[in-house]
$ cat coords-v6.cif   # mmCIF, C-alpha atoms
data_target
#
loop_
_atom_site.label_atom_id
_atom_site.label_comp_id
_atom_site.auth_asym_id
_atom_site.auth_seq_id
_atom_site.Cartn_x
_atom_site.Cartn_y
_atom_site.Cartn_z
CA MET A 1 8.95 -14.20 -12.51
CA SER A 2 11.13 -11.28 -13.59
CA ASP A 3 8.83 -10.61 -16.56
CA ILE A 4 5.89 -9.76 -14.29
CA ILE A 5 5.31 -6.07 -13.74
CA ARG A 6 3.47 -5.09 -10.57
CA GLU A 7 2.76 -2.04 -8.52
CA LYS A 8 4.91 -1.97 -5.37
CA PRO A 9 4.28 0.99 -3.09
CA VAL A 10 7.68 1.31 -1.43
CA HIS A 11 6.31 4.42 0.26
CA ALA A 12 2.83 5.88 0.54
CA SER A 13 3.64 8.39 -2.17
CA THR A 14 5.80 6.42 -4.62
CA ASP A 15 3.39 3.86 -6.07
CA GLN A 16 3.31 5.80 -9.35
CA PHE A 17 6.44 3.87 -10.36
CA PRO A 18 5.99 0.12 -10.99
CA VAL A 19 8.55 -2.56 -10.21
CA GLN A 20 9.69 -5.42 -12.44
CA GLY A 21 11.65 -8.19 -10.85
CA ASN A 22 14.03 -6.49 -8.49
CA GLU A 23 14.12 -3.12 -10.28
CA LEU A 24 12.22 0.10 -10.36
CA LEU A 25 10.84 1.05 -13.77
CA VAL A 26 11.06 4.64 -14.93
CA GLY A 27 9.39 5.35 -18.25
CA GLY A 28 8.99 1.59 -18.55
CA ILE A 29 12.76 1.04 -18.41
CA PRO A 30 14.50 -0.98 -15.66
CA LEU A 31 16.66 1.33 -13.61
CA THR A 32 20.03 -0.33 -14.28
CA ARG A 33 19.38 -0.22 -18.01
CA LEU A 34 18.26 3.40 -17.79
CA ALA A 35 21.46 4.29 -15.94
CA ALA A 36 23.49 2.65 -18.72
CA ARG A 37 21.45 4.52 -21.34
CA VAL A 38 21.98 7.84 -19.57
CA GLY A 39 25.68 7.05 -19.42
CA GLN A 40 26.41 8.35 -15.93
CA THR A 41 25.15 8.85 -12.44
CA PRO A 42 23.87 11.00 -10.83
CA PHE A 43 20.89 11.88 -13.00
CA TYR A 44 17.32 13.05 -12.82
CA ALA A 45 14.77 11.10 -14.85
CA TYR A 46 11.26 12.35 -15.58
CA ASP A 47 8.54 9.97 -16.73
CA ARG A 48 6.59 11.54 -19.59
CA ALA A 49 3.65 9.14 -19.16
CA LEU A 50 3.23 10.29 -15.56
CA LEU A 51 3.28 13.94 -16.67
CA THR A 52 0.60 13.22 -19.25
CA ARG A 53 -1.51 11.28 -16.76
CA ARG A 54 -1.34 14.01 -14.11
CA VAL A 55 -2.63 16.68 -16.50
CA ALA A 56 -5.38 14.37 -17.79
CA ASP A 57 -6.48 13.44 -14.26
CA LEU A 58 -6.60 17.08 -13.23
CA ARG A 59 -8.68 18.04 -16.26
CA ALA A 60 -11.10 15.23 -15.42
CA ALA A 61 -11.45 16.52 -11.84
CA LEU A 62 -12.00 20.19 -12.74
CA PRO A 63 -14.87 21.74 -14.67
CA ALA A 64 -14.46 22.18 -18.41
CA GLY A 65 -13.25 25.62 -19.36
CA ILE A 66 -10.82 26.06 -16.47
CA LYS A 67 -7.45 26.79 -18.05
CA LEU A 68 -4.33 25.05 -16.79
CA HIS A 69 -0.98 26.84 -16.82
CA TYR A 70 2.37 25.23 -16.07
CA ALA A 71 4.64 27.28 -13.78
CA MET A 72 7.90 26.25 -15.36
CA LYS A 73 10.06 27.41 -12.47
CA ALA A 74 9.19 24.04 -10.91
CA ASN A 75 11.15 22.29 -13.67
CA PRO A 76 12.50 24.35 -16.59
CA MET A 77 14.24 21.46 -18.38
CA PRO A 78 13.49 22.22 -22.08
CA ALA A 79 12.30 18.69 -22.87
CA VAL A 80 9.88 18.81 -19.95
CA VAL A 81 8.59 22.24 -20.97
CA ASN A 82 8.19 21.07 -24.58
CA HIS A 83 6.13 18.11 -23.38
CA MET A 84 4.03 20.15 -20.97
CA ALA A 85 3.35 22.83 -23.58
CA ARG A 86 1.41 20.25 -25.60
CA LEU A 87 -0.69 19.24 -22.58
CA VAL A 88 -1.58 22.50 -20.81
CA ASP A 89 -3.17 25.74 -21.96
CA GLY A 90 -0.34 28.11 -21.08
CA ILE A 91 3.08 28.59 -19.49
CA ASP A 92 4.04 30.91 -16.65
CA VAL A 93 7.64 32.15 -16.64
CA ALA A 94 9.72 34.02 -14.07
CA SER A 95 12.70 35.28 -16.10
CA ALA A 96 13.80 36.17 -19.60
CA LEU A 97 15.65 32.87 -19.96
CA GLU A 98 12.55 30.94 -18.96
CA LEU A 99 10.66 32.98 -21.55
CA ASN A 100 13.13 31.81 -24.20
CA VAL A 101 12.46 28.18 -23.27
CA ALA A 102 8.69 28.72 -23.30
CA LEU A 103 8.78 30.40 -26.71
CA ASP A 104 11.07 27.69 -28.10
CA SER A 105 8.60 25.05 -26.89
CA GLY A 106 6.02 26.39 -29.30
CA ALA A 107 3.70 27.69 -26.59
CA ASP A 108 1.31 30.37 -27.84
CA PRO A 109 2.72 33.75 -26.70
CA HIS A 110 -0.83 34.87 -25.96
CA GLU A 111 -0.95 32.12 -23.30
CA ILE A 112 2.43 32.88 -21.69
CA SER A 113 2.53 35.07 -18.59
CA PHE A 114 5.50 36.58 -16.79
CA ALA A 115 5.65 37.08 -13.02
CA GLY A 116 8.47 38.24 -10.76
CA PRO A 117 9.10 41.13 -8.37
CA GLY A 118 12.33 42.37 -9.95
CA LYS A 119 11.80 42.46 -13.71
CA GLY A 120 14.50 44.49 -15.42
CA ASP A 121 13.83 47.03 -18.16
CA ASP A 122 15.36 44.72 -20.77
CA GLU A 123 13.19 41.83 -19.56
CA LEU A 124 10.08 43.99 -19.82
CA ARG A 125 11.03 45.10 -23.32
CA LYS A 126 11.58 41.47 -24.33
CA ALA A 127 8.21 40.52 -22.85
CA VAL A 128 6.36 43.28 -24.72
CA ALA A 129 8.12 42.36 -27.98
CA SER A 130 7.10 38.73 -27.45
CA GLY A 131 3.44 39.61 -27.02
CA ILE A 132 3.07 37.82 -23.69
CA LEU A 133 1.04 38.86 -20.65
CA ILE A 134 3.05 40.71 -18.00
CA ASN A 135 1.98 40.46 -14.37
CA ILE A 136 2.68 43.94 -13.00
CA GLU A 137 4.11 43.88 -9.47
CA SER A 138 4.97 47.53 -8.82
CA PHE A 139 4.14 51.08 -9.82
CA ARG A 140 7.59 51.33 -11.42
CA GLU A 141 6.72 48.66 -13.97
CA VAL A 142 3.78 50.71 -15.20
CA GLY A 143 6.07 53.60 -16.08
CA VAL A 144 8.64 51.38 -17.79
CA LEU A 145 6.01 49.57 -19.83
CA ALA A 146 4.33 52.84 -20.83
CA ALA A 147 7.67 54.16 -22.11
CA ILE A 148 8.32 50.97 -24.10
CA GLN A 149 4.85 51.10 -25.61
CA ARG A 150 5.26 54.76 -26.61
CA GLU A 151 8.69 54.18 -28.09
CA THR A 152 7.91 51.04 -30.07
CA GLY A 153 4.20 51.11 -30.74
CA TRP A 154 3.95 47.55 -29.43
CA THR A 155 0.99 46.75 -27.20
CA ALA A 156 1.92 46.01 -23.59
CA ARG A 157 -0.47 43.34 -22.31
CA VAL A 158 -0.72 43.47 -18.52
CA ALA A 159 -2.40 41.92 -15.53
CA VAL A 160 -1.97 42.97 -11.91
CA ARG A 161 -0.43 40.55 -9.46
CA VAL A 162 -2.27 41.20 -6.24
CA ASN A 163 -0.88 40.66 -2.74
CA PRO A 164 -4.10 39.72 -0.92
CA ASP A 165 -4.76 40.67 2.68
CA PHE A 166 -4.93 36.96 3.63
CA GLU A 167 -2.67 33.93 3.25
CA LEU A 168 -3.19 30.30 2.28
CA LYS A 169 -3.53 28.30 5.48
CA SER A 170 -1.25 25.27 5.86
CA SER A 171 0.83 26.15 2.81
CA GLY A 172 4.46 25.09 2.75
CA MET A 173 5.47 28.50 1.44
CA LYS A 174 3.28 31.55 1.98
CA MET A 175 3.22 33.97 -0.96
CA SER A 176 0.67 36.53 0.24
CA GLY A 177 -0.71 38.28 3.28
CA GLY A 178 1.25 40.80 5.29
CA PRO A 179 4.28 42.57 3.82
CA LYS A 180 5.49 40.70 0.71
CA GLN A 181 7.85 41.43 -2.16
CA PHE A 182 5.36 39.80 -4.51
CA GLY A 183 2.63 41.75 -6.25
CA VAL A 184 0.89 44.95 -5.19
CA ASP A 185 -0.94 45.18 -1.88
CA ALA A 186 -4.67 44.79 -2.45
CA GLU A 187 -5.43 48.17 -0.88
CA GLN A 188 -3.09 49.87 -3.40
CA VAL A 189 -4.44 48.10 -6.49
CA PRO A 190 -7.21 50.63 -7.31
CA GLU A 191 -4.58 53.39 -7.52
CA LEU A 192 -2.39 51.13 -9.69
CA LEU A 193 -5.32 50.37 -11.99
CA ALA A 194 -5.86 54.09 -12.49
CA GLU A 195 -2.19 54.46 -13.46
CA ILE A 196 -2.52 51.58 -15.93
CA GLY A 197 -5.53 53.28 -17.48
CA LYS A 198 -3.74 56.62 -17.79
CA ALA A 199 -0.72 54.94 -19.36
CA GLY A 200 -2.87 53.24 -21.97
CA LEU A 201 -1.60 49.75 -21.21
CA ALA A 202 -3.75 46.81 -22.33
CA PHE A 203 -5.20 45.66 -19.02
CA GLU A 204 -6.45 42.06 -19.03
CA GLY A 205 -6.95 40.95 -15.45
CA PHE A 206 -5.53 39.76 -12.16
CA HIS A 207 -3.07 37.21 -10.82
CA LEU A 208 -3.57 36.09 -7.22
CA PHE A 209 -1.31 33.48 -5.65
CA ALA A 210 -1.67 32.81 -1.94
CA GLY A 211 0.82 30.00 -1.27
CA SER A 212 2.24 26.65 -2.31
CA GLN A 213 2.56 22.99 -1.24
CA ASN A 214 -0.83 22.64 0.45
CA LEU A 215 -2.38 19.20 1.02
CA ARG A 216 -5.59 20.48 2.62
CA PRO A 217 -8.31 20.89 -0.02
CA GLU A 218 -10.48 22.96 2.33
CA ALA A 219 -7.69 25.54 2.64
CA ILE A 220 -7.28 25.72 -1.14
CA VAL A 221 -11.05 26.07 -1.59
CA GLU A 222 -11.11 28.92 0.93
CA ALA A 223 -8.20 30.69 -0.75
CA GLN A 224 -9.72 30.37 -4.23
CA ARG A 225 -13.04 31.72 -3.02
CA LYS A 226 -11.38 34.67 -1.23
CA CYS A 227 -9.20 35.40 -4.29
CA PHE A 228 -12.26 35.41 -6.54
CA GLU A 229 -14.20 37.71 -4.23
CA LEU A 230 -11.21 40.05 -4.04
CA ALA A 231 -10.94 40.09 -7.84
CA LEU A 232 -14.62 40.97 -8.08
CA ARG A 233 -14.13 43.97 -5.80
CA LEU A 234 -11.00 45.14 -7.59
CA SER A 235 -12.61 44.77 -11.01
CA GLU A 236 -14.83 47.74 -10.18
CA ALA A 237 -11.75 49.96 -10.49
CA ALA A 238 -10.37 48.25 -13.62
CA PRO A 239 -9.87 50.34 -16.77
CA SER A 240 -11.40 47.59 -18.92
CA PRO A 241 -13.27 44.31 -18.40
CA VAL A 242 -11.41 41.43 -16.77
CA ARG A 243 -10.50 38.77 -19.33
CA PHE A 244 -7.82 36.87 -17.37
CA LEU A 245 -8.19 35.68 -13.80
CA ASN A 246 -5.34 33.56 -12.43
CA LEU A 247 -6.40 32.09 -9.09
CA GLY A 248 -2.98 30.54 -8.50
CA GLY A 249 -2.44 26.95 -7.46
CA GLY A 250 -0.92 25.75 -4.23
CA PHE A 251 -1.76 22.07 -4.77
CA GLY A 252 0.76 20.02 -2.81
CA ILE A 253 2.23 16.56 -3.27
CA PRO A 254 3.06 14.11 -0.46
CA TYR A 255 6.70 13.91 0.53
CA PHE A 256 6.77 12.50 4.02
CA PRO A 257 5.25 9.55 5.93
CA GLY A 258 1.60 10.09 6.76
CA GLU A 259 0.98 12.54 3.91
CA GLN A 260 -1.60 11.61 1.29
CA ARG A 261 -2.31 12.86 -2.22
CA ILE A 262 -4.75 15.73 -2.27
CA ASP A 263 -8.44 14.99 -2.90
CA LEU A 264 -9.55 17.19 -5.80
CA SER A 265 -13.33 16.66 -5.54
CA SER A 266 -14.12 19.68 -3.36
CA ILE A 267 -11.69 21.86 -5.33
CA GLY A 268 -13.43 20.94 -8.57
CA ALA A 269 -16.86 21.66 -7.10
CA ASN A 270 -15.69 25.03 -5.78
CA LEU A 271 -14.20 26.04 -9.11
CA ALA A 272 -17.44 25.07 -10.85
CA ALA A 273 -19.33 27.41 -8.51
CA ILE A 274 -16.81 30.20 -9.07
CA GLN A 275 -16.99 29.64 -12.82
CA GLN A 276 -20.79 29.93 -12.76
CA GLU A 277 -20.66 33.15 -10.75
CA ALA A 278 -17.98 34.56 -13.04
CA ARG A 279 -20.21 34.03 -16.07
CA GLU A 280 -22.59 36.57 -14.56
CA LYS A 281 -20.21 39.02 -12.87
CA LEU A 282 -17.05 38.75 -15.03
CA PRO A 283 -18.51 37.47 -18.29
CA GLN A 284 -15.34 37.93 -20.36
CA ALA A 285 -12.97 36.34 -17.83
CA GLU A 286 -11.13 33.09 -18.41
CA ILE A 287 -10.23 31.39 -15.12
CA VAL A 288 -6.70 30.02 -14.88
CA ILE A 289 -5.14 27.64 -12.38
CA GLU A 290 -1.33 27.85 -12.27
CA LEU A 291 0.54 24.77 -11.06
CA GLY A 292 4.16 23.67 -11.09
CA ARG A 293 5.12 21.14 -8.43
CA TYR A 294 1.75 19.38 -8.69
CA PHE A 295 2.26 18.67 -12.39
CA VAL A 296 5.85 17.45 -12.31
CA GLY A 297 6.94 16.66 -8.75
CA GLU A 298 5.82 13.04 -8.55
CA ALA A 299 6.97 12.23 -12.09
CA GLY A 300 10.68 12.59 -11.33
CA VAL A 301 13.38 10.62 -9.55
CA TYR A 302 16.95 11.46 -8.64
CA VAL A 303 19.35 8.55 -9.08
CA CYS A 304 22.89 8.26 -7.72
CA ARG A 305 25.29 5.38 -7.20
CA ILE A 306 26.76 4.10 -3.96
CA VAL A 307 30.56 4.41 -3.99
CA ASP A 308 31.32 3.32 -0.45
CA ARG A 309 29.79 1.62 2.54
CA LYS A 310 31.25 2.42 5.93
CA VAL A 311 30.42 1.87 9.57
CA SER A 312 31.11 4.55 12.15
CA ARG A 313 30.60 3.60 15.78
CA GLY A 314 27.91 1.11 14.94
CA HIS A 315 26.04 3.18 12.34
CA THR A 316 26.18 2.39 8.63
CA PHE A 317 26.64 5.10 5.99
CA LEU A 318 26.01 4.57 2.29
CA VAL A 319 28.20 7.13 0.55
CA THR A 320 26.99 8.09 -2.93
CA ASN A 321 28.22 10.21 -5.81
CA GLY A 322 25.19 12.49 -5.47
CA GLY A 323 24.04 14.85 -2.77
CA LEU A 324 22.85 18.28 -1.74
CA HIS A 325 24.70 19.99 -4.60
CA HIS A 326 22.25 18.25 -6.96
CA HIS A 327 19.19 17.88 -4.73
CA LEU A 328 19.18 20.63 -2.14
CA SER A 329 15.57 20.16 -1.04
CA ALA A 330 15.99 16.45 -0.27
CA SER A 331 19.07 17.23 1.82
CA GLY A 332 17.18 19.70 3.98
CA ASN A 333 18.02 23.01 2.30
CA PHE A 334 21.38 23.63 4.00
CA GLY A 335 20.24 22.71 7.49
CA GLN A 336 16.57 23.47 8.03
CA VAL A 337 15.45 23.29 11.66
CA ILE A 338 13.58 19.99 11.34
CA ARG A 339 14.87 17.82 8.51
CA LYS A 340 12.56 15.14 7.08
CA ASN A 341 13.48 12.31 4.75
CA TYR A 342 12.17 12.24 1.22
CA PRO A 343 11.12 8.71 0.18
CA VAL A 344 14.28 6.80 -0.77
CA ALA A 345 14.84 3.29 -2.16
CA ILE A 346 17.61 1.07 -3.46
CA GLY A 347 16.35 1.05 -7.02
CA ASN A 348 17.95 -2.23 -8.07
CA ARG A 349 16.98 -4.08 -4.87
CA MET A 350 13.26 -3.34 -4.72
CA ASP A 351 12.33 -6.88 -3.64
CA ALA A 352 14.88 -7.11 -0.86
CA PRO A 353 13.68 -6.61 2.72
CA ALA A 354 14.42 -3.28 4.38
CA GLY A 355 16.63 -4.90 6.95
CA GLU A 356 19.01 -2.25 8.22
CA ALA A 357 18.98 1.33 9.42
CA VAL A 358 21.41 3.40 7.37
CA SER A 359 22.13 6.98 6.41
CA VAL A 360 22.52 7.85 2.73
CA VAL A 361 25.05 10.63 2.28
CA GLY A 362 26.87 12.36 -0.53
CA PRO A 363 30.54 13.08 -1.29
CA LEU A 364 30.68 16.66 -0.04
CA CYS A 365 32.80 17.84 2.87
CA THR A 366 29.85 18.97 4.98
CA PRO A 367 27.69 17.09 7.50
CA LEU A 368 24.65 18.59 5.79
CA ASP A 369 25.14 16.37 2.71
CA ILE A 370 22.41 13.88 3.62
CA LEU A 371 19.87 12.29 1.26
CA GLY A 372 18.35 9.94 3.83
CA ASP A 373 19.02 9.87 7.56
CA ARG A 374 18.61 6.64 9.56
CA MET A 375 16.25 5.01 7.09
CA ASN A 376 15.36 1.31 6.93
CA LEU A 377 16.63 0.11 3.54
CA PRO A 378 17.72 -3.18 1.97
CA GLU A 379 21.35 -4.10 2.50
CA ALA A 380 23.31 -2.29 -0.22
CA GLY A 381 26.85 -1.40 -1.18
CA PRO A 382 29.08 0.03 -3.89
CA GLY A 383 27.50 -0.11 -7.33
CA ASP A 384 23.89 -0.12 -6.15
CA LEU A 385 21.56 2.68 -7.22
CA VAL A 386 19.89 5.00 -4.72
CA VAL A 387 16.60 6.55 -5.83
CA VAL A 388 15.10 9.69 -4.30
CA PHE A 389 11.42 9.96 -5.21
CA GLN A 390 9.24 13.08 -5.51
CA SER A 391 12.13 14.76 -7.33
CA GLY A 392 10.47 16.19 -10.43
CA ALA A 393 10.15 19.71 -9.04
CA TYR A 394 12.70 22.14 -7.61
CA GLY A 395 15.56 19.72 -8.09
CA ALA A 396 18.38 20.32 -10.54
CA SER A 397 17.69 24.01 -11.20
CA ALA A 398 17.10 24.77 -7.52
CA SER A 399 20.37 23.25 -6.25
CA PRO A 400 23.91 24.67 -5.82
CA ARG A 401 25.46 22.50 -8.54
CA GLY A 402 28.78 24.33 -8.40
CA PHE A 403 29.23 23.84 -4.65
CA LEU A 404 32.61 22.16 -4.01
CA SER A 405 33.03 21.63 -7.77
CA HIS A 406 31.96 17.99 -8.01
CA PRO A 407 30.84 16.58 -11.40
CA ASP A 408 27.49 17.80 -12.68
CA LEU A 409 24.35 15.75 -13.22
CA VAL A 410 22.31 14.85 -16.31
CA GLU A 411 18.54 15.23 -16.83
CA VAL A 412 16.46 12.97 -19.09
CA LEU A 413 12.81 12.70 -20.06
CA VAL A 414 11.80 9.08 -20.72
#
$ encode --input "coords-v6.cif" --output "structure tokens"
Amino acid sequence: MSDIIREKPVHASTDQFPVQGNELLVGGIPLTRLAARVGQTPFYAYDRALLTRRVADLRAALPAGIKLHYAMKANPMPAVVNHMARLVDGIDVASALELNVALDSGADPHEISFAGPGKGDDELRKAVASGILINIESFREVGVLAAIQRETGWTARVAVRVNPDFELKSSGMKMSGGPKQFGVDAEQVPELLAEIGKAGLAFEGFHLFAGSQNLRPEAIVEAQRKCFELALRLSEAAPSPVRFLNLGGGFGIPYFPGEQRIDLSSIGANLAAIQQEAREKLPQAEIVIELGRYFVGEAGVYVCRIVDRKVSRGHTFLVTNGGLHHHLSASGNFGQVIRKNYPVAIGNRMDAPAGEAVSVVGPLCTPLDILGDRMNLPEAGPGDLVVVFQSGAYGASASPRGFLSHPDLVEVLV
């Protein structure tokens, strides 16, 4: 029966990966064979078919004409960015090095935007030379961009990143409301728009991002509606018509037991209503949704190998060659107050019963190096492959890979 491929939801949020025989399939490849092809563990593997499907499913759920941008900070691996650039309408970058990757991917510079609260003068010069859209986040940036434009004659394309006076309810990470380092406070934006007009910068629109990792569609709908209404009010002070309106993202993915994938139906209906209103009130504006984690998070796995099995005072530990230095978020981000387990499996024992409570740990000399704490897993030992699901976003690039100087990982797109 090993030739039969079936869906086996080992966790409520991991059924995107099928199982064949006793092994997880990633990109259609059995895990042990993929590990041999990669040539080492630990590694991250990203399934290109899942990336393609996620973008297609989102397009089907949203009204035609809504532009999709990939926030590449979620996963800046060049192969992933190259693939995503062919699927989405634009790329959002957060540094000069990310800009290099986006440009190398073949993304249209006109559809690349640059956000970040601490852009250096050299980064701004590079952005203007590249012809991308710069999300202004301070009054200082207006002066720097005006000087670059005067000196070079190159057009500085700008939007204003707005810090709204509200925040996205139930978001895992709040990016607006109250004092924030991101963007310009909404009440200061009219003054900033006047400065942009005086400086002769090419104003194109607004970027509003309220928060991330939200699984409540009603909260996202409310935030999008409030962001749109705020943009309408601010547009009255704009030096030219709004042509770009980034309403952010915030779409979450399920990580923990009891969480479900977000229902997009109400979000799509809300965006259709916003789009219709924008045709009348902001007739030149293109509406953009910017997503990172939602596009790539569920398409990736982190794979490491068990090197030891030990029992300490009645509790079993599976010691692996991977850990928090490669996957900080799965470990609990250096000791968050309440740590939760990401979904974990023994990738080459998918048919075996989850018969024992074990902790999956890494090789580092810290008690924080935990990938799974007291989880029910199949009996496993040295040589078996541990899989951490939901690992396509904020994994390799968001982890302290030099910590304690253990061997580095590999990333592959399959």
$ resolve_selection --input "coords-v6.cif" --expression "the PyMOL selection byres ((chain A and resi 259-271) around 10)" --output "tab-separated table (two decimals) with C-alpha atoms, in the frame of the given file"
chain	number	residue	atom	x	y	z
A	12	ALA	CA	2.83	5.88	0.54
A	13	SER	CA	3.64	8.39	-2.17
A	57	ASP	CA	-6.48	13.44	-14.26
A	58	LEU	CA	-6.60	17.08	-13.23
A	59	ARG	CA	-8.68	18.04	-16.26
A	60	ALA	CA	-11.10	15.23	-15.42
A	61	ALA	CA	-11.45	16.52	-11.84
A	62	LEU	CA	-12.00	20.19	-12.74
A	63	PRO	CA	-14.87	21.74	-14.67
A	64	ALA	CA	-14.46	22.18	-18.41
A	66	ILE	CA	-10.82	26.06	-16.47
A	214	ASN	CA	-0.83	22.64	0.45
A	215	LEU	CA	-2.38	19.20	1.02
A	216	ARG	CA	-5.59	20.48	2.62
A	217	PRO	CA	-8.31	20.89	-0.02
A	218	GLU	CA	-10.48	22.96	2.33
A	219	ALA	CA	-7.69	25.54	2.64
A	220	ILE	CA	-7.28	25.72	-1.14
A	221	VAL	CA	-11.05	26.07	-1.59
A	222	GLU	CA	-11.11	28.92	0.93
A	224	GLN	CA	-9.72	30.37	-4.23
A	225	ARG	CA	-13.04	31.72	-3.02
A	228	PHE	CA	-12.26	35.41	-6.54
A	247	LEU	CA	-6.40	32.09	-9.09
A	251	PHE	CA	-1.76	22.07	-4.77
A	252	GLY	CA	0.76	20.02	-2.81
A	253	ILE	CA	2.23	16.56	-3.27
A	254	PRO	CA	3.06	14.11	-0.46
A	255	TYR	CA	6.70	13.91	0.53
A	256	PHE	CA	6.77	12.50	4.02
A	257	PRO	CA	5.25	9.55	5.93
A	258	GLY	CA	1.60	10.09	6.76
A	272	ALA	CA	-17.44	25.07	-10.85
A	273	ALA	CA	-19.33	27.41	-8.51
A	274	ILE	CA	-16.81	30.20	-9.07
A	275	GLN	CA	-16.99	29.64	-12.82
A	276	GLN	CA	-20.79	29.93	-12.76
A	277	GLU	CA	-20.66	33.15	-10.75
A	287	ILE	CA	-10.23	31.39	-15.12
A	289	ILE	CA	-5.14	27.64	-12.38
A	294	TYR	CA	1.75	19.38	-8.69
$ resolve_selection --input "coords-v6.cif" --expression "the PyMOL selection byres ((chain A and resi 35-52) around 9)" --output "PyMOL selection string"
chain A and resi 16-17+26-28+30-34+53-57+80+83-84+87+295-296+298-305+320-323+326+385+391-392+395-396+407-414
$ residues_near_point --input "coords-v6.cif" --point "(12.8, 43.6, -24.0)" --cutoff "12 Å" --atoms "only C-alpha atoms" --output "PyMOL selection string"
chain A and resi 95-97+99-100+119-132+134+144-145+147-149+152+154+156
$ atom_distance --input "coords-v6.cif" --atom1 "CA of Asp373 (chain A)" --atom2 "CA of Asp308 (chain A)"
16.1 Å
$ atom_distance --input "coords-v6.cif" --atom1 "CA of Ser399 (chain A)" --atom2 "CA of Gly332 (chain A)"
11.3 Å
$ atom_distance --input "coords-v6.cif" --atom1 "CA of Asp165 (chain A)" --atom2 "CA of Gly250 (chain A)"
16.9 Å
$ residues_around --input "coords-v6.cif" --residues "Val101 (chain A)" --least-positions-apart "3" --cutoff "10 Å" --atoms "only C-alpha atoms" --output "count of residues only"
15
$ resolve_selection --input "coords-v6.cif" --expression "the PyMOL selection byres ((chain A and resi 115) around 6)" --output "list of chain:residue names"
A:Ala94, A:Phe114, A:Gly116, A:Asn135
$ decode --input "coords-v6.cif" --residues "region 255-285 of chain A" --atoms "C-alpha atoms" --output "mmCIF file, in the first residue's frame"
data_model
loop_
_atom_site.group_PDB
_atom_site.id
_atom_site.type_symbol
_atom_site.label_atom_id
_atom_site.label_comp_id
_atom_site.auth_asym_id
_atom_site.auth_seq_id
_atom_site.Cartn_x
_atom_site.Cartn_y
_atom_site.Cartn_z
ATOM 1 C CA TYR A 255 -0.226 27.462 14.534
ATOM 2 C CA PHE A 256 -1.724 25.995 17.673
ATOM 3 C CA PRO A 257 -4.450 23.487 18.614
ATOM 4 C CA GLY A 258 -7.932 24.910 18.221
ATOM 5 C CA GLU A 259 -6.928 27.498 15.616
ATOM 6 C CA GLN A 260 -8.552 27.311 12.191
ATOM 7 C CA ARG A 261 -7.669 28.784 8.815
ATOM 8 C CA ILE A 262 -9.203 32.176 8.257
ATOM 9 C CA ASP A 263 -12.500 32.416 6.346
ATOM 10 C CA LEU A 264 -11.978 34.889 3.504
ATOM 11 C CA SER A 265 -15.610 35.328 2.409
ATOM 12 C CA SER A 266 -16.416 38.395 4.515
ATOM 13 C CA ILE A 267 -13.021 39.931 3.737
ATOM 14 C CA GLY A 268 -13.654 39.557 0.022
ATOM 15 C CA ALA A 269 -17.124 41.090 0.318
ATOM 16 C CA ASN A 270 -15.755 44.019 2.320
ATOM 17 C CA LEU A 271 -12.999 44.696 -0.188
ATOM 18 C CA ALA A 272 -15.540 44.619 -3.007
ATOM 19 C CA ALA A 273 -17.551 47.305 -1.204
ATOM 20 C CA ILE A 274 -14.427 49.382 -0.571
ATOM 21 C CA GLN A 275 -13.391 48.976 -4.192
ATOM 22 C CA GLN A 276 -16.788 50.209 -5.385
ATOM 23 C CA GLU A 277 -16.651 53.249 -3.111
ATOM 24 C CA ALA A 278 -13.086 53.989 -4.190
ATOM 25 C CA ARG A 279 -14.150 54.104 -7.836
ATOM 26 C CA GLU A 280 -16.272 57.128 -6.947
ATOM 27 C CA LYS A 281 -14.151 58.856 -4.294
ATOM 28 C CA LEU A 282 -10.581 57.845 -5.275
ATOM 29 C CA PRO A 283 -11.045 57.054 -8.961
ATOM 30 C CA GLN A 284 -7.329 56.741 -9.772
ATOM 31 C CA ALA A 285 -6.438 54.555 -6.790
#
